[in-house]
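A.B. asks: What follows is protein32.cif, mmCIF, C-alpha atoms.
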data_start
loop_
_atom_site.label_atom_id
_atom_site.label_comp_id
_atom_site.auth_asym_id
_atom_site.auth_seq_id
_atom_site.Cartn_x
_atom_site.Cartn_y
_atom_site.Cartn_z
CA SER O 47 -20.65 -14.56 -13.89
CA PHE O 48 -19.66 -14.24 -10.24
CA ASP O 49 -20.88 -15.26 -6.82
CA PRO O 50 -21.45 -12.19 -4.58
CA ASP O 51 -21.21 -14.30 -1.43
CA GLU O 52 -17.83 -15.63 -2.45
CA LEU O 53 -16.60 -12.25 -3.62
CA LEU O 54 -17.56 -10.52 -0.39
CA SER O 55 -16.37 -13.25 1.96
CA ASN O 56 -13.86 -11.89 4.45
CA SER O 57 -10.58 -13.78 4.18
CA ALA O 58 -8.34 -14.20 7.20
CA LEU O 59 -6.92 -10.74 7.92
CA HIS O 60 -4.81 -10.86 11.04
CA GLY O 61 -4.51 -7.41 12.60
CA ALA O 62 -1.53 -6.68 14.85
CA MET O 63 -2.24 -3.32 16.45
CA GLN O 64 0.07 -3.96 19.37
CA ALA O 65 2.83 -4.67 16.90
CA ALA O 66 2.34 -1.24 15.39
CA ILE O 67 2.63 0.30 18.84
CA ASP O 68 5.78 -1.73 19.49
CA VAL O 69 7.45 -0.64 16.27
CA GLU O 70 6.53 3.01 16.79
CA ALA O 71 8.04 2.86 20.26
CA ARG O 72 11.20 1.30 18.85
CA LEU O 73 11.48 3.91 16.12
CA ALA O 74 11.01 6.68 18.66
CA GLY O 75 13.85 5.40 20.82
CA GLY O 76 11.52 3.59 23.22
CA THR O 77 9.08 6.44 23.77
CA ALA O 78 5.62 5.47 22.58
CA ALA O 79 4.40 9.07 22.60
CA ALA O 80 6.78 9.96 19.76
CA ALA O 81 5.21 7.88 17.02
CA ALA O 82 6.85 9.50 14.01
CA VAL O 83 9.15 7.30 11.98
CA PRO O 84 12.11 9.08 10.34
CA VAL O 85 12.58 8.02 6.77
CA ALA O 86 14.96 9.16 4.12
CA LEU O 87 14.01 11.05 1.10
CA PRO O 88 11.55 10.73 -1.73
CA THR O 89 13.63 9.38 -4.60
CA ALA O 90 13.10 8.98 -8.32
CA LYS O 91 14.41 5.80 -9.92
CA ALA O 92 14.91 4.93 -13.57
CA ASN O 93 14.39 1.53 -15.14
CA ALA O 94 17.62 -0.30 -14.38
CA SER O 95 17.15 -2.62 -17.36
CA LYS O 96 17.44 0.25 -19.83
CA ALA O 97 20.47 2.07 -21.14
CA LYS O 98 21.63 5.46 -19.87
CA GLU O 99 19.10 8.26 -20.03
CA ALA O 100 16.44 5.73 -19.07
CA PRO O 101 12.99 7.18 -18.42
CA LEU O 102 11.81 7.81 -14.89
CA TRP O 103 10.23 4.58 -13.67
CA ILE O 104 9.09 4.98 -10.06
CA TRP O 105 8.99 7.40 -7.12
CA VAL O 106 9.69 5.83 -3.73
CA LEU O 107 10.17 6.86 -0.15
CA GLU O 108 13.40 5.20 0.95
CA LEU O 109 13.51 4.12 4.58
CA ASP O 110 16.56 4.83 6.67
CA ALA O 111 18.49 2.00 8.34
CA ARG O 112 16.82 2.41 11.73
CA SER O 113 13.34 2.22 10.22
CA CYS O 114 14.24 -0.87 8.19
CA GLU O 115 15.66 -2.56 11.27
CA ALA O 116 12.48 -1.88 13.24
CA LEU O 117 10.21 -3.20 10.50
CA ARG O 118 12.31 -6.35 10.13
CA ALA O 119 12.10 -6.88 13.90
CA LEU O 120 8.34 -6.44 13.65
CA TRP O 121 8.09 -9.12 10.99
CA ASP O 122 10.37 -11.49 12.91
CA LYS O 123 7.94 -11.25 15.83
CA TYR O 124 4.83 -12.14 13.81
CA ARG O 125 6.00 -14.16 10.82
CA VAL O 126 5.30 -17.45 12.60
CA HIS O 127 1.58 -16.68 12.32
CA ALA O 128 1.63 -15.84 8.62
CA GLY O 129 2.80 -18.97 6.84
CA ASP O 130 5.69 -19.37 4.44
CA MET O 131 6.68 -15.88 3.35
CA SER O 132 10.02 -14.23 2.68
CA LEU O 133 11.03 -10.81 3.94
CA VAL O 134 11.24 -8.15 1.25
CA GLU O 135 14.88 -7.07 1.03
CA ASP O 136 14.31 -3.56 -0.33
CA LEU O 137 11.87 -2.07 2.16
CA HIS O 138 10.38 1.14 0.76
CA MET O 139 7.10 2.91 0.17
CA THR O 140 6.05 3.41 -3.44
CA LEU O 141 4.75 6.95 -3.94
CA LEU O 142 4.03 6.71 -7.66
CA TYR O 143 4.72 3.86 -10.06
CA LEU O 144 5.12 5.18 -13.59
CA GLY O 145 6.29 2.03 -15.36
CA GLY O 146 6.86 3.90 -18.59
CA GLY O 147 3.18 4.84 -18.82
CA SER O 148 1.77 8.17 -19.95
CA ASP O 149 -0.13 10.43 -17.56
CA SER O 150 -3.37 9.13 -19.08
CA GLU O 151 -2.36 5.49 -18.50
CA ILE O 152 -1.34 6.24 -14.91
CA ALA O 153 -4.64 8.07 -14.33
CA ARG O 154 -6.55 4.98 -15.47
CA ARG O 155 -4.69 2.94 -12.87
CA HIS O 156 -5.44 5.56 -10.19
CA PRO O 157 -8.86 7.07 -10.94
CA HIS O 158 -8.86 8.97 -7.63
CA LEU O 159 -5.99 11.19 -8.87
CA ASP O 160 -8.38 13.32 -10.97
CA GLY O 161 -7.19 12.40 -14.43
CA PRO O 162 -3.97 13.11 -16.32
CA GLU O 163 -3.82 16.64 -14.91
CA GLY O 164 -3.85 15.25 -11.38
CA VAL O 165 -1.08 12.83 -12.27
CA ALA O 166 1.01 15.67 -13.69
CA ARG O 167 0.50 17.68 -10.49
CA LEU O 168 1.55 14.73 -8.33
CA LYS O 169 4.69 14.20 -10.43
CA MET O 170 5.61 17.85 -9.98
CA GLU O 171 5.02 17.66 -6.23
CA LEU O 172 7.24 14.60 -5.94
CA ALA O 173 9.96 16.20 -8.00
CA ASN O 174 9.90 19.24 -5.72
CA ALA O 175 10.06 17.02 -2.64
CA GLU O 176 13.01 14.91 -3.80
CA GLY O 177 15.71 14.72 -1.15
CA ARG O 178 13.47 15.97 1.66
CA GLU O 179 13.37 13.98 4.88
CA LEU O 180 9.89 12.95 5.93
CA HIS O 181 8.40 11.40 9.05
CA VAL O 182 5.59 8.85 8.87
CA HIS O 183 3.39 6.90 11.26
CA VAL O 184 2.85 3.14 11.29
CA LYS O 185 -0.91 2.49 11.48
CA PHE O 186 -1.08 -1.31 11.55
CA VAL O 187 0.28 -4.48 10.01
CA VAL O 188 -1.94 -6.87 8.08
CA TRP O 189 -1.38 -10.09 6.18
CA ASP O 190 -3.03 -13.05 4.51
CA GLN O 191 -1.52 -16.20 3.02
CA ARG O 192 0.06 -14.24 0.15
CA ILE O 193 1.54 -11.03 1.51
CA ALA O 194 2.18 -8.84 4.56
CA ALA O 195 2.26 -5.04 4.71
CA VAL O 196 2.21 -2.12 7.11
CA GLU O 197 -0.07 0.80 6.29
CA ILE O 198 1.55 4.22 6.66
CA SER O 199 -0.02 7.59 7.44
CA ASN O 200 0.79 11.24 8.18
CA PHE O 201 3.94 11.60 6.10
CA ASP O 202 4.55 15.32 6.46
CA GLY O 203 2.08 16.49 3.83
CA ALA O 204 3.61 14.41 1.04
CA ARG O 205 1.24 12.57 -1.31
CA CYS O 206 1.11 9.00 -2.54
CA ALA O 207 -0.71 7.63 -5.56
CA ASN O 208 -1.83 4.54 -3.66
CA ARG O 209 -5.11 4.81 -1.76
CA HIS O 210 -3.43 2.97 1.11
CA PRO O 211 0.20 4.10 1.45
CA HIS O 212 2.20 1.17 2.73
CA VAL O 213 5.43 -0.78 2.97
CA THR O 214 5.31 -4.39 1.81
CA LEU O 215 7.03 -6.51 4.46
CA ALA O 216 6.98 -10.05 3.08
CA THR O 217 5.61 -12.09 0.21
CA ALA O 218 4.83 -15.72 -0.52
CA LYS O 219 6.60 -17.30 -3.47
CA GLY O 220 5.32 -15.89 -6.75
CA THR O 221 3.37 -13.02 -5.18
CA PRO O 222 4.27 -9.55 -6.53
CA PRO O 223 4.51 -6.72 -3.97
CA ARG O 224 1.67 -4.81 -5.64
CA VAL O 225 -0.77 -7.32 -4.10
CA SER O 226 -0.43 -5.26 -0.91
CA ASN O 227 -2.75 -2.71 -2.55
CA GLU O 228 -5.49 -5.33 -2.92
CA LEU O 229 -5.00 -6.65 0.61
CA LEU O 230 -5.29 -3.20 2.16
CA ALA O 231 -8.25 -2.30 -0.06
CA ARG O 232 -9.99 -5.48 1.10
CA ARG O 233 -9.41 -4.47 4.69
CA GLY O 234 -10.82 -1.04 3.88
CA ALA O 235 -13.94 -2.64 2.41
CA ALA O 236 -14.38 -4.77 5.52
CA GLU O 237 -14.26 -1.63 7.68
CA ASP O 238 -16.49 0.55 5.46
CA LEU O 239 -18.29 -1.38 2.77
CA GLN O 240 -20.09 1.62 1.30
CA ASN O 241 -16.92 3.60 0.60
CA GLY O 242 -14.41 0.76 0.45
CA LEU O 243 -16.05 -1.76 -1.87
CA GLY O 244 -15.39 0.22 -5.06
CA PRO O 245 -11.65 0.68 -4.44
CA TRP O 246 -11.29 -3.00 -3.54
CA LEU O 247 -13.12 -4.15 -6.67
CA SER O 248 -11.00 -1.75 -8.70
CA GLU O 249 -7.86 -3.49 -7.41
CA LEU O 250 -9.39 -6.80 -8.50
CA GLY O 251 -10.25 -5.46 -11.96
CA LEU O 252 -13.98 -5.73 -11.14
CA ALA O 253 -14.90 -2.07 -10.69
CA GLN O 254 -17.82 -2.46 -13.11
CA TYR O 255 -19.64 -4.56 -10.51
CA THR O 256 -19.52 -1.95 -7.74
CA ALA O 257 -23.06 -0.59 -8.15
CA VAL O 258 -24.76 -3.96 -8.47
CA LEU O 259 -22.89 -5.38 -5.48
CA LEU O 260 -23.68 -2.37 -3.30
CA GLU O 261 -27.33 -2.79 -4.25
CA TRP O 262 -27.13 -6.48 -3.39
CA CYS O 263 -25.49 -5.68 -0.05
CA ALA O 264 -28.22 -3.17 0.80
CA THR O 265 -30.89 -5.72 -0.10
CA MET O 266 -29.22 -8.32 2.10
CA GLY O 267 -28.67 -5.89 4.97
CA ALA O 268 -24.91 -6.16 4.62
CA ALA O 269 -24.09 -2.51 3.82
CA THR O 270 -22.21 -0.51 6.44
#
As structure tokens - that is how I would like this structure written.
C.D. replies:
Amino acid sequence: SFDPDELLSNSALHGAMQAAIDVEARLAGGTAAAAAVPVALPTAKANASKAKEAPLWIWVLELDARSCEALRALWDKYRVHAGDMSLVEDLHMTLLYLGGGSDSEIARRHPHLDGPEGVARLKMELANAEGRELHVHVKFVVWDQRIAAVEISNFDGARCANRHPHVTLATAKGTPPRVSNELLARRGAAEDLQNGLGPWLSELGLAQYTAVLLEWCATMGAAT
């Protein structure tokens, strides 16, 4: 059983829109009008724990040194408000986490990718984009007591498997970086409950409750 009121309660999400403007200005050499962030190269990585000829494990967008410096400066400015968290050393944006899974398994983790065929298309697109420099925009930074992340947008037509492309900035002890997906999905549900509740519940492993909770929200006048 579950308590809808508890499930839908809005935890403390601290927006920092001005911080996003600050970091975009920094990344553009001090000119706020140029909001694009240069980043280096979609890159495929194998599982480092395996022997040679290890299978492809993850596709990431690797940030260049200037972008990493700006994001670290952003976190230094706001970390005092976010509790005891440690900066992530390897700042990057995950484009597609394979984890040794088949296309069918990956499709189950990302139902919006249109099944195994959609996963195969995305893998081909990423392979064709490897080594290409992309520019992205910082939308906002958000955090709770577990994790902090910046949501990313407009990365030169490239695609990401995550509904909310992002860079994880910092984590509390014992919190895996993937929790950023749940945090950003929760924010999305707070902004647009009708379209955002399902993706958030999916991140929580509770997608089967989407219809009944939307019905409950409509009954209570809480739907947006």
A.B. asks: Translate the PyMOL selection byres ((chain O and resi 253-256) around 12) into a concrete residue list for this structure, as a VMD selection string.
C.D. replies: chain O and resid 47 to 50 53 to 54 154 to 155 157 235 239 to 252 257 to 263
A.B. asks: Counting all atoms listed in the file, figure out which residue out of O:Thr217, O:His158, O:Met131, O:Leu137 gets nearest to Arg112 in chain O.
C.D. replies: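 Among the listed residues, O:Leu137 lies closest to Arg112 in chain O.
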A.B. asks: Which residue, O:Leu229, O:Leu180, O:Met170, O:Ala264, has the smallest gap to Val196 in chain O when you use only C-alpha atoms?
C.D. replies: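 Closest candidate: O:Leu229.
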A.B. asks: I need the residue nearest Ile193 in chain O from this list: O:Gly164, O:Gly177, O:Gly129, O:Pro211. Use only C-alpha atoms for the distance.
C.D. replies: O:Gly129
A.B. asks: In terms of the shortest atom-to-atom distance over all atoms listed in the file, which of O:Val106, O:Ile152, O:Ala236, O:Tyr124 is closest to Ala173 in chain O?
C.D. replies: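 Distance minimum relative to Ala173 in chain O lands on O:Val106.
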A.B. asks: Of the candidates O:Arg178, O:Trp105, O:Cys114, O:Glu163, which one gets nearest to Glu151 in chain O if we count only C-alpha atoms?
C.D. replies: O:Glu163
A.B. asks: Would you kindly translate the PyMOL selection byres ((chain O and resi 197-208) around 6) into the concrete residues it picks from this file, as a count of residues only?
C.D. replies: 14
A.B. asks: Report the residues retrieved by the PyMOL selection byres ((chain O and resi 226) around 8) from the displayed file, expressed as number ranges by chain.
C.D. replies: O: 193-195, 212, 214, 223-225, 227-230
A.B. asks: May I ask for the distance between CA of Gly146 in chain O and CA of Gly234 in chain O, given in Å to one decimal place?
C.D. replies: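 Separating CA of Gly146 in chain O from CA of Gly234 in chain O is a distance of 29.0 Å.
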